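See below for model-v4.txt, which holds compact mmCIF, C-alpha atoms.
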```
# COMPACT_ATOMS: atom_id res chain seq x y z
CA MET P 1 -110.00 -102.77 -95.64
CA LYS P 2 -108.18 -99.58 -96.60
CA GLY P 3 -107.27 -98.39 -93.12
CA THR P 4 -109.37 -95.23 -93.25
CA ILE P 5 -111.23 -93.29 -90.57
CA LYS P 6 -114.40 -94.95 -91.87
CA ASP P 7 -113.01 -98.38 -90.90
CA LEU P 8 -112.31 -97.03 -87.44
CA LEU P 9 -115.80 -95.61 -87.03
CA ASN P 10 -117.27 -98.94 -88.15
CA ILE P 11 -115.90 -100.62 -85.03
CA THR P 12 -118.73 -100.98 -82.54
CA GLY P 13 -118.30 -98.59 -79.62
CA VAL P 14 -116.04 -96.04 -81.32
CA GLN P 15 -117.52 -92.62 -80.55
CA GLY P 16 -115.20 -90.21 -82.28
CA TYR P 17 -111.67 -89.22 -83.08
CA ILE P 18 -109.18 -86.36 -83.08
CA ILE P 19 -106.38 -85.97 -85.57
CA ALA P 20 -103.49 -83.64 -84.76
CA ALA P 21 -100.74 -83.07 -87.29
CA GLY P 22 -98.38 -80.11 -87.38
CA LYS P 23 -100.37 -77.07 -86.34
CA ASN P 24 -103.73 -78.50 -87.34
CA ILE P 25 -106.21 -80.33 -85.22
CA GLN P 26 -109.43 -81.94 -86.38
CA ILE P 27 -111.95 -82.88 -83.71
CA LYS P 28 -114.88 -85.19 -84.44
CA VAL P 29 -116.30 -86.30 -81.14
CA PRO P 30 -119.84 -86.40 -79.80
CA SER P 31 -120.81 -83.51 -77.60
CA ARG P 32 -121.02 -85.39 -74.29
CA PRO P 33 -117.31 -85.84 -73.79
CA ASN P 34 -116.81 -82.20 -74.68
CA LEU P 35 -113.24 -82.47 -75.92
CA SER P 36 -113.65 -79.66 -78.45
CA ALA P 37 -113.53 -77.24 -75.53
CA ILE P 38 -110.01 -78.32 -74.64
CA LYS P 39 -108.33 -77.76 -78.00
CA ASP P 40 -105.30 -76.03 -76.46
CA ARG P 41 -104.75 -78.87 -74.01
CA LEU P 42 -104.93 -81.38 -76.85
CA MET P 43 -102.32 -79.41 -78.79
CA ASP P 44 -100.10 -79.42 -75.69
CA LEU P 45 -100.55 -83.19 -75.46
CA TYR P 46 -99.71 -83.52 -79.15
CA ARG P 47 -96.53 -81.45 -78.79
CA GLU P 48 -95.52 -83.49 -75.77
CA LEU P 49 -96.08 -86.89 -77.36
CA ILE P 50 -94.83 -86.17 -80.85
CA GLU P 51 -91.24 -85.82 -79.66
CA THR P 52 -90.04 -89.37 -80.12
CA ASP P 53 -87.65 -89.32 -77.16
CA LYS P 54 -90.49 -88.43 -74.77
CA ARG P 55 -92.89 -90.92 -76.28
CA PRO P 56 -93.92 -93.76 -73.96
CA GLY P 57 -94.92 -95.90 -76.97
CA ASN P 58 -96.66 -95.63 -80.31
CA THR P 59 -100.00 -96.65 -78.81
CA ILE P 60 -101.27 -95.21 -75.54
CA GLU P 61 -104.47 -96.32 -73.83
CA ILE P 62 -106.15 -94.23 -71.16
CA TYR P 63 -108.94 -96.02 -69.28
CA MET P 64 -111.63 -93.76 -67.88
CA ASP P 65 -114.85 -94.56 -66.01
CA ASP P 66 -117.09 -94.79 -69.05
CA ALA P 67 -114.72 -94.46 -71.98
CA ILE P 68 -111.31 -95.41 -73.28
CA ILE P 69 -109.04 -92.94 -75.05
CA THR P 70 -106.53 -94.57 -77.36
CA ILE P 71 -103.75 -92.50 -78.88
CA PHE P 72 -101.87 -93.65 -81.96
CA LEU P 73 -98.65 -91.95 -83.00
CA SER P 74 -97.13 -92.25 -86.44
CA GLY P 75 -94.39 -89.83 -87.47
CA THR P 76 -95.86 -86.35 -86.90
CA VAL P 77 -99.46 -87.56 -86.74
CA MET P 78 -101.42 -88.15 -83.54
CA LEU P 79 -104.73 -89.96 -83.80
CA LEU P 80 -106.84 -90.01 -80.66
CA VAL P 81 -109.85 -92.31 -80.56
CA VAL P 82 -112.65 -92.16 -78.00
CA SER P 83 -114.46 -95.43 -77.52
CA GLN P 84 -116.79 -97.15 -75.09
CA SER P 85 -115.31 -99.54 -72.57
CA THR P 86 -117.09 -102.43 -74.31
CA THR P 87 -115.20 -101.85 -77.59
CA ASN P 88 -113.09 -104.67 -78.99
CA MET P 89 -109.74 -103.09 -78.12
CA ALA P 90 -107.66 -105.58 -80.08
CA LEU P 91 -109.40 -104.63 -83.30
CA LEU P 92 -109.31 -100.94 -82.41
CA ARG P 93 -105.54 -101.04 -81.77
CA MET P 94 -104.76 -102.78 -85.05
CA THR P 95 -107.09 -100.59 -87.13
CA GLY P 96 -105.88 -97.41 -85.39
CA LYS P 97 -102.27 -98.21 -86.23
CA LEU P 98 -103.16 -98.65 -89.88
CA VAL P 99 -105.20 -95.44 -89.98
CA ALA P 100 -102.48 -93.36 -88.31
CA ALA P 101 -99.84 -94.77 -90.69
CA ASN P 102 -102.06 -94.02 -93.69
CA ILE P 103 -102.72 -90.44 -92.58
CA MET P 104 -98.97 -89.98 -92.15
CA LYS P 105 -98.31 -91.46 -95.60
CA GLU P 106 -100.80 -89.13 -97.26
CA ARG P 107 -99.29 -86.00 -95.74
CA MET N 1 -44.76 -106.18 -126.60
CA ASN N 2 -48.12 -107.10 -128.04
CA GLN N 3 -48.32 -110.85 -127.63
CA GLU N 4 -51.36 -112.43 -125.98
CA ILE N 5 -50.86 -113.99 -122.58
CA SER N 6 -52.84 -116.78 -120.97
CA GLY N 7 -52.61 -119.11 -118.02
CA ASP N 8 -54.15 -120.61 -114.92
CA LEU N 9 -55.57 -118.57 -112.03
CA GLU N 10 -54.37 -121.21 -109.59
CA ASN N 11 -50.78 -120.19 -110.31
CA THR N 12 -51.23 -116.50 -111.02
CA ARG N 13 -54.12 -114.69 -109.39
CA CYS N 14 -55.88 -111.69 -110.82
CA PRO N 15 -54.02 -108.91 -108.93
CA GLU N 16 -50.68 -110.20 -110.21
CA ILE N 17 -51.94 -110.28 -113.79
CA ILE N 18 -53.29 -106.74 -113.40
CA LYS N 19 -49.86 -105.63 -112.13
CA ILE N 20 -48.05 -107.19 -115.10
CA LEU N 21 -50.44 -105.64 -117.63
CA SER N 22 -50.27 -102.27 -115.92
CA LEU N 23 -46.46 -102.17 -115.80
CA GLY N 24 -46.35 -103.20 -119.47
CA LYS N 25 -48.80 -100.33 -120.28
CA ARG N 26 -50.88 -102.82 -122.26
CA THR N 27 -54.11 -102.17 -124.12
CA GLY N 28 -56.65 -104.95 -124.54
CA ARG N 29 -59.08 -107.26 -122.79
CA LEU N 30 -58.26 -109.65 -119.96
CA ALA N 31 -60.82 -112.46 -120.05
CA LEU N 32 -61.22 -114.55 -116.90
CA ASN N 33 -63.18 -117.75 -116.42
CA TYR N 34 -64.09 -119.56 -113.23
CA GLY N 35 -66.39 -122.53 -113.69
CA GLU N 36 -69.60 -121.23 -115.23
CA ASP N 37 -68.69 -117.62 -114.42
CA GLY N 38 -66.71 -115.34 -116.63
CA GLY N 39 -65.78 -111.71 -117.03
CA ASN N 40 -63.54 -109.18 -118.73
CA ILE N 41 -61.24 -106.40 -117.57
CA TYR N 42 -60.30 -103.83 -120.21
CA PHE N 43 -56.98 -101.99 -120.19
CA GLN N 44 -55.85 -98.87 -122.03
CA ASP N 45 -52.17 -97.99 -121.78
CA GLY N 46 -51.93 -99.98 -118.57
CA GLN N 47 -54.96 -98.34 -116.91
CA ILE N 48 -58.17 -100.26 -116.25
CA ILE N 49 -61.04 -98.44 -117.97
CA HIS N 50 -63.87 -101.00 -117.88
CA ALA N 51 -64.78 -104.33 -116.26
CA LYS N 52 -67.78 -106.59 -116.50
CA CYS N 53 -68.57 -109.82 -114.67
CA GLY N 54 -72.03 -111.21 -115.29
CA SER N 55 -74.41 -108.33 -114.72
CA VAL N 56 -71.92 -106.43 -112.54
CA GLU N 57 -69.85 -103.63 -114.07
CA GLY N 58 -67.07 -101.30 -112.93
CA PRO N 59 -64.77 -101.74 -109.91
CA LYS N 60 -67.18 -104.21 -108.28
CA ALA N 61 -66.69 -106.57 -111.23
CA ILE N 62 -62.91 -106.41 -110.77
CA TYR N 63 -63.18 -107.17 -107.06
CA GLU N 64 -65.51 -110.05 -107.80
CA MET N 65 -63.03 -111.65 -110.21
CA ALA N 66 -59.99 -110.79 -108.11
CA VAL N 67 -60.91 -113.38 -105.50
CA TRP N 68 -61.15 -116.27 -107.95
CA SER N 69 -58.48 -118.78 -107.01
CA ALA N 70 -59.09 -121.22 -109.86
CA GLY N 71 -59.97 -120.97 -113.54
CA THR N 72 -58.19 -119.52 -116.54
CA TYR N 73 -57.26 -116.15 -118.00
CA ARG N 74 -56.34 -114.86 -121.45
CA PHE N 75 -55.32 -111.38 -122.55
CA HIS N 76 -56.62 -110.27 -125.96
CA VAL N 77 -54.48 -107.48 -127.38
CA ASP N 78 -56.06 -104.22 -128.58
CA ASP N 79 -59.61 -105.27 -127.77
CA VAL N 80 -61.01 -102.01 -126.34
CA PRO N 81 -64.54 -101.23 -125.08
CA GLU N 82 -66.79 -98.33 -126.01
CA VAL N 83 -67.71 -97.56 -122.42
CA LYS N 84 -65.71 -96.48 -119.39
CA THR N 85 -66.90 -97.71 -116.01
CA VAL N 86 -63.68 -97.60 -113.99
CA ASP N 87 -62.06 -94.37 -112.89
CA LEU N 88 -59.65 -95.62 -110.22
CA SER N 89 -55.86 -95.81 -110.34
CA ILE N 90 -54.16 -99.19 -110.50
CA ASP N 91 -52.79 -98.61 -106.98
CA GLU N 92 -56.29 -98.04 -105.57
CA ILE N 93 -57.60 -101.15 -107.32
CA GLN N 94 -54.63 -103.23 -106.15
CA ALA N 95 -55.09 -102.15 -102.54
CA GLU N 96 -58.78 -103.04 -102.59
CA THR N 97 -58.30 -106.36 -104.39
CA GLU N 98 -55.63 -107.43 -101.90
CA ASN N 99 -57.96 -106.48 -99.08
CA ARG N 100 -60.76 -108.54 -100.66
CA ILE N 101 -58.50 -111.54 -101.15
CA ARG N 102 -57.46 -111.46 -97.49
CA GLN N 103 -61.14 -111.25 -96.51
CA MET N 104 -62.08 -114.05 -98.89
CA ASP N 105 -59.29 -116.30 -97.61
CA ARG N 106 -60.68 -115.85 -94.10
CA ILE N 107 -64.22 -116.52 -95.32
CA SER N 108 -63.13 -119.58 -97.32
CA SER N 109 -61.86 -121.20 -94.12
CA LEU N 110 -65.53 -121.51 -93.07
CA ILE N 111 -67.39 -121.27 -96.37
CA PRO N 112 -65.48 -123.01 -99.13
CA SER N 113 -67.69 -121.89 -102.02
CA ALA N 114 -70.88 -120.10 -103.01
CA ASN N 115 -72.52 -123.49 -103.60
CA VAL N 116 -72.80 -124.18 -99.88
CA VAL N 117 -76.36 -124.41 -98.50
CA PHE N 118 -77.29 -123.05 -95.09
CA ALA N 119 -80.30 -123.47 -92.82
CA LEU N 120 -81.45 -121.46 -89.83
CA ASP N 121 -79.91 -122.67 -86.59
CA PRO N 122 -82.73 -123.29 -84.10
CA ASP N 123 -80.24 -123.60 -81.19
CA ILE N 124 -79.40 -119.93 -81.15
CA LYS N 125 -77.21 -118.99 -78.17
CA GLU N 126 -77.44 -115.19 -78.12
CA LYS N 127 -80.25 -113.56 -76.17
CA GLU N 128 -80.49 -110.58 -78.49
CA ILE N 129 -79.32 -110.18 -82.04
CA SER N 130 -79.35 -107.04 -84.14
CA LEU N 131 -79.14 -107.39 -87.88
CA LYS N 132 -78.33 -104.99 -90.68
CA SER N 133 -80.93 -104.81 -93.43
CA ILE N 134 -78.78 -106.78 -95.88
CA GLN N 135 -78.26 -109.51 -93.27
CA TRP N 136 -82.00 -109.66 -92.73
CA ARG N 137 -82.70 -109.81 -96.47
CA ILE N 138 -80.38 -112.78 -96.75
CA LEU N 139 -81.52 -114.48 -93.56
CA SER N 140 -85.15 -114.30 -94.65
CA ARG N 141 -84.20 -116.32 -97.73
CA VAL N 142 -82.16 -119.01 -95.97
CA ASP N 143 -84.27 -122.15 -96.20
CA GLY N 144 -81.92 -125.14 -96.08
CA SER N 145 -82.37 -125.58 -99.81
CA ARG N 146 -81.04 -122.57 -101.70
CA SER N 147 -77.29 -122.10 -102.06
CA ILE N 148 -75.46 -118.84 -101.33
CA SER N 149 -75.23 -118.28 -105.06
CA ASP N 150 -79.00 -118.79 -105.55
CA ILE N 151 -79.77 -116.31 -102.77
CA ALA N 152 -77.19 -113.78 -104.02
CA GLN N 153 -78.74 -113.89 -107.48
CA GLY N 154 -82.21 -113.40 -106.05
CA ILE N 155 -81.31 -110.14 -104.35
CA GLY N 156 -78.80 -108.81 -106.88
CA LEU N 157 -75.62 -109.37 -104.87
CA THR N 158 -72.32 -110.76 -106.12
CA ASP N 159 -71.34 -114.18 -104.76
CA SER N 160 -68.41 -112.77 -102.79
CA ASP N 161 -70.52 -110.03 -101.19
CA ALA N 162 -73.14 -112.62 -100.25
CA MET N 163 -70.45 -114.93 -98.82
CA LYS N 164 -69.28 -112.07 -96.57
CA VAL N 165 -72.79 -111.68 -95.15
CA PHE N 166 -73.13 -115.45 -94.68
CA TYR N 167 -69.79 -115.47 -92.88
CA THR N 168 -71.07 -112.86 -90.41
CA LEU N 169 -74.37 -114.72 -89.91
CA LEU N 170 -72.48 -117.94 -89.34
CA LYS N 171 -70.26 -116.23 -86.76
CA MET N 172 -73.40 -114.89 -85.04
CA GLY N 173 -74.63 -118.47 -84.79
CA VAL N 174 -77.97 -117.88 -86.52
CA ILE N 175 -77.30 -120.22 -89.45
CA LYS N 176 -75.61 -123.56 -89.88
CA GLU N 177 -74.37 -125.42 -92.90
CA VAL N 178 -76.70 -128.10 -94.21
CA GLU N 179 -74.98 -131.43 -94.61
CA ARG N 180 -74.21 -131.82 -98.29
CA SER N 181 -76.30 -134.99 -98.51
CA HIS N 182 -79.29 -133.17 -97.03
CA ALA N 183 -79.04 -130.09 -99.18
CA ARG N 184 -81.84 -129.64 -101.72
CA LYS N 185 -83.74 -132.60 -100.30
CA GLY N 186 -86.26 -130.38 -98.56
CA LYS N 187 -86.84 -127.08 -96.85
CA ALA N 188 -86.18 -126.51 -93.16
CA THR N 189 -89.68 -126.48 -91.74
CA LEU N 190 -91.25 -125.99 -88.39
CA LYS N 191 -94.59 -127.61 -87.68
CA LEU N 192 -97.18 -125.08 -86.54
CA PRO N 193 -100.74 -125.97 -85.52
CA ASP N 194 -103.04 -126.35 -88.50
CA THR N 195 -105.77 -123.79 -87.70
CA PRO N 196 -107.29 -121.10 -89.95
CA PHE N 197 -105.76 -118.34 -87.79
CA ILE N 198 -102.26 -119.82 -87.83
CA GLY N 199 -102.58 -120.56 -91.57
CA GLU N 200 -103.47 -116.93 -92.30
CA LEU N 201 -100.79 -115.66 -89.92
CA ARG N 202 -98.12 -117.85 -91.52
CA ASN N 203 -99.10 -116.93 -95.09
CA SER N 204 -99.25 -113.20 -94.39
CA LEU N 205 -95.92 -113.30 -92.59
CA ILE N 206 -94.26 -115.34 -95.33
CA ASN N 207 -95.35 -112.59 -97.76
CA ALA N 208 -93.68 -110.03 -95.53
CA ILE N 209 -90.43 -111.72 -94.50
CA GLY N 210 -90.09 -114.99 -96.38
CA PRO N 211 -89.63 -118.58 -95.19
CA ILE N 212 -88.34 -117.59 -91.75
CA ALA N 213 -91.98 -116.74 -90.84
CA PRO N 214 -92.87 -119.99 -88.97
CA PHE N 215 -89.80 -119.56 -86.75
CA ILE N 216 -90.78 -115.97 -85.91
CA ILE N 217 -94.35 -117.05 -85.07
CA SER N 218 -93.12 -119.86 -82.87
CA GLU N 219 -90.51 -117.70 -81.10
CA THR N 220 -92.90 -114.78 -80.52
CA ALA N 221 -95.61 -117.05 -79.15
CA LYS N 222 -93.05 -118.63 -76.82
CA GLU N 223 -91.83 -115.20 -75.62
CA MET N 224 -95.42 -114.12 -74.89
CA GLY N 225 -96.50 -117.41 -73.39
CA PHE N 226 -99.21 -117.54 -76.03
CA ASP N 227 -100.92 -120.81 -76.81
CA LEU N 228 -101.15 -121.03 -80.60
CA LEU N 229 -104.33 -123.08 -80.29
CA ALA N 230 -106.09 -120.49 -78.08
CA ASP N 231 -109.24 -118.91 -79.47
CA ASP N 232 -108.99 -115.55 -77.70
CA MET N 233 -109.19 -112.54 -80.01
CA ASP N 234 -107.35 -110.17 -77.66
CA GLN N 235 -104.44 -112.59 -77.38
CA ARG N 236 -104.39 -113.14 -81.11
CA ALA N 237 -104.29 -109.40 -81.68
CA ALA N 238 -101.45 -109.06 -79.17
CA LEU N 239 -99.51 -111.77 -81.02
CA ILE N 240 -100.13 -110.02 -84.34
CA GLU N 241 -98.99 -106.69 -82.90
CA SER N 242 -95.84 -108.23 -81.50
CA ILE N 243 -94.98 -110.00 -84.75
CA HIS N 244 -95.79 -106.83 -86.69
CA SER N 245 -93.16 -104.93 -84.70
CA LYS N 246 -90.52 -107.46 -85.81
CA ILE N 247 -90.98 -106.86 -89.54
CA PRO N 248 -88.14 -104.57 -90.60
CA ASP N 249 -89.72 -103.20 -93.79
CA GLU N 250 -92.38 -100.65 -92.82
CA THR N 251 -94.53 -101.19 -95.92
CA MET N 252 -94.44 -104.96 -95.47
CA ALA N 253 -95.26 -104.51 -91.78
CA MET N 254 -98.34 -102.44 -92.62
CA ASP N 255 -99.44 -104.91 -95.32
CA PHE N 256 -99.15 -107.69 -92.77
CA LEU N 257 -101.15 -105.74 -90.19
CA ASN N 258 -103.76 -104.90 -92.82
CA ALA N 259 -104.18 -108.53 -93.89
CA MET N 260 -104.46 -109.75 -90.31
CA THR N 261 -106.85 -106.95 -89.28
CA ASN N 262 -109.09 -107.94 -92.20
CA TRP N 263 -108.96 -111.53 -91.08
CA LEU N 264 -109.80 -110.71 -87.45
CA ARG N 265 -112.68 -108.42 -88.53
CA ALA N 266 -114.12 -111.16 -90.73
CA GLU N 267 -113.77 -113.79 -88.02
CA GLY N 268 -114.80 -111.55 -85.11
```

Before we go any further, please render this structure as structure tokens.
Amino acid sequence: MKGTIKDLLNITGVQGYIIAAGKNIQIKVPSRPNLSAIKDRLMDLYRELIETDKRPGNTIEIYMDDAIITIFLSGTVMLLVVSQSTTNMALLRMTGKLVAANIMKER
Amino acid sequence: MNQEISGDLENTRCPEIIKILSLGKRTGRLALNYGEDGGNIYFQDGQIIHAKCGSVEGPKAIYEMAVWSAGTYRFHVDDVPEVKTVDLSIDEIQAETENRIRQMDRISSLIPSANVVFALDPDIKEKEISLKSIQWRILSRVDGSRSISDIAQGIGLTDSDAMKVFYTLLKMGVIKEVERSHARKGKATLKLPDTPFIGELRNSLINAIGPIAPFIISETAKEMGFDLLADDMDQRAALIESIHSKIPDETMAMDFLNAMTNWLRAEG
């Protein structure tokens, strides 16, 4: 495994992802959870979390009714993953950490 | 005044010899021997211009030899080097060597030589310990079998610098001296359950941090109340994440996480 987005998407139940780094944001989520419409809010979230002293941790999990949002922070990179509640979260957490670290390394 | 001088380091230690040669404004090579170790300090008109001890050169080589309290020395007149690695005054060198000798005398009260072997002390008293990277590099190599000198060589430190770190670790209570009769008989080991998961975890962690790995696995599992024989993937992942956060080198930490993620994916 190389720790790429492809590895993340191969995990059963992962629906999409958002990568925010610097002033850029890349949104790849299915249309139902219409996150692309809230780009500005996501950038606010990114700015809030990327400051290390405000950061509650390097991995944040938000449990919703029918989905789980997991946020991985590595340096100046924020990776947000949307997955179903049936997803193997242990595997998602470990893979997400690797992917976020790799994106940060490549920048 | 160009005769050669020689003698015993037990009676005249290196700083005194340096002082004599400096005051006499001598030019030549001071050769020092201590057991299997040896080195040279080169003088030009009483100033030190070059020093070499094993693979160490420059002021560090002088400080390394300055703490030798046994062995022999001989001054070879007019033997000058082609390189210059020392650019400090005699006063600066003297001040530092005296400082090192004082330090080494204190260290020698607990650690008599670089041949001493240490093992990890499982009865650690402190609740929390913070280590500098060099202390961690040494601690990860302490296995109840290798001597200070062996470990110093492995990470490119001089014996005296390594002894200083061992002294601090000993004071922290994280290592203890292996009884001479037990040294080199076998490695300090901790028996972990023999399962494929634990085997993979141990091997990946040994790659990342060395022989201390089984102790870290055992301690982390204890802290988390994790049963090492449990077959729960979420718990295993939590254990991996917790251990991963304890690996000081970021690259090694990611390699460890990568190896264990691969393993969990294959098994899951």

Pick the closest to Asp231 of chain N from N:Ala51, N:Gly46, N:Thr195, N:Lys171: which is it, counting all atoms listed in the file?
-> N:Thr195

Find the spatial neighbours of Ile19 of chain P, counting all atoms listed in the file, within a cut-off of 7 Å - ignore same-chain residues fewer than 3 positions away - and output them as an MDAnalysis selection string.
-> chainID P and resid 25:27 78:80

Please provide the set of residues having any atom within 6 Å of segment 119-127 of chain N, restricted to only C-alpha atoms, with same-chain residues fewer than 6 positions apart removed, written as number ranges by chain.
-> N: 142-144, 174-176

Using only C-alpha atoms, I'd like a table of the residues in chain N that come within 12 Å of chain P; for each, show the closest atom pair and its distance in Å rounded to one decimal, ordered by chain and ascending number, as a Markdown table.
```
| residue | atom | partner | partner_atom | distance |
| --- | --- | --- | --- | --- |
| N:Asp232 | CA | P:Ala90 | CA | 10.3 |
| N:Met233 | CA | P:Ala90 | CA | 7.1 |
| N:Asp234 | CA | P:Ala90 | CA | 5.2 |
| N:Gln235 | CA | P:Ala90 | CA | 8.2 |
| N:Arg236 | CA | P:Ala90 | CA | 8.3 |
| N:Ala237 | CA | P:Ala90 | CA | 5.3 |
| N:Ala238 | CA | P:Ala90 | CA | 7.2 |
| N:Leu239 | CA | P:Ala90 | CA | 10.3 |
| N:Ile240 | CA | P:Met94 | CA | 8.6 |
| N:Glu241 | CA | P:Met94 | CA | 7.3 |
| N:Ser242 | CA | P:Met94 | CA | 11.0 |
| N:His244 | CA | P:Met94 | CA | 10.0 |
| N:Ser245 | CA | P:Asn58 | CA | 10.9 |
| N:Glu250 | CA | P:Ala101 | CA | 9.7 |
| N:Thr251 | CA | P:Ala101 | CA | 9.8 |
| N:Ala253 | CA | P:Leu98 | CA | 10.0 |
| N:Met254 | CA | P:Leu98 | CA | 6.7 |
| N:Asp255 | CA | P:Leu98 | CA | 9.1 |
| N:Phe256 | CA | P:Leu98 | CA | 10.3 |
| N:Leu257 | CA | P:Met94 | CA | 6.9 |
| N:Asn258 | CA | P:Leu98 | CA | 6.9 |
| N:Ala259 | CA | P:Met1 | CA | 8.4 |
| N:Met260 | CA | P:Met94 | CA | 8.7 |
| N:Thr261 | CA | P:Met94 | CA | 6.3 |
| N:Asn262 | CA | P:Met1 | CA | 6.3 |
| N:Trp263 | CA | P:Met1 | CA | 9.9 |
| N:Leu264 | CA | P:Leu91 | CA | 7.4 |
| N:Arg265 | CA | P:Leu91 | CA | 7.2 |
| N:Ala266 | CA | P:Met1 | CA | 10.6 |
| N:Glu267 | CA | P:Leu91 | CA | 11.2 |
| N:Gly268 | CA | P:Leu91 | CA | 9.0 |
```

Coordinates-based distance that separates atom CA of Pro214 of chain N from atom CA of Leu73 of chain P (Å, one decimal) | 29.2 Å

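Excluding Ser130 of chain N itself and any same-chain residue fewer than 3 positions from it, the protein and nucleic acid residues within 12 Å of it, counting only C-alpha atoms, are Glu126, Lys127, Ser133, Ile134, Gln135, Trp136, Thr168, Leu169, Met172, Val174, Lys246 and Pro248 of chain N.
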
Record the distance separating atom CA of Phe43 of chain N and atom CA of Ser55 of chain N, expressed in Å with one decimal.
->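 It comes out at 19.3 Å.
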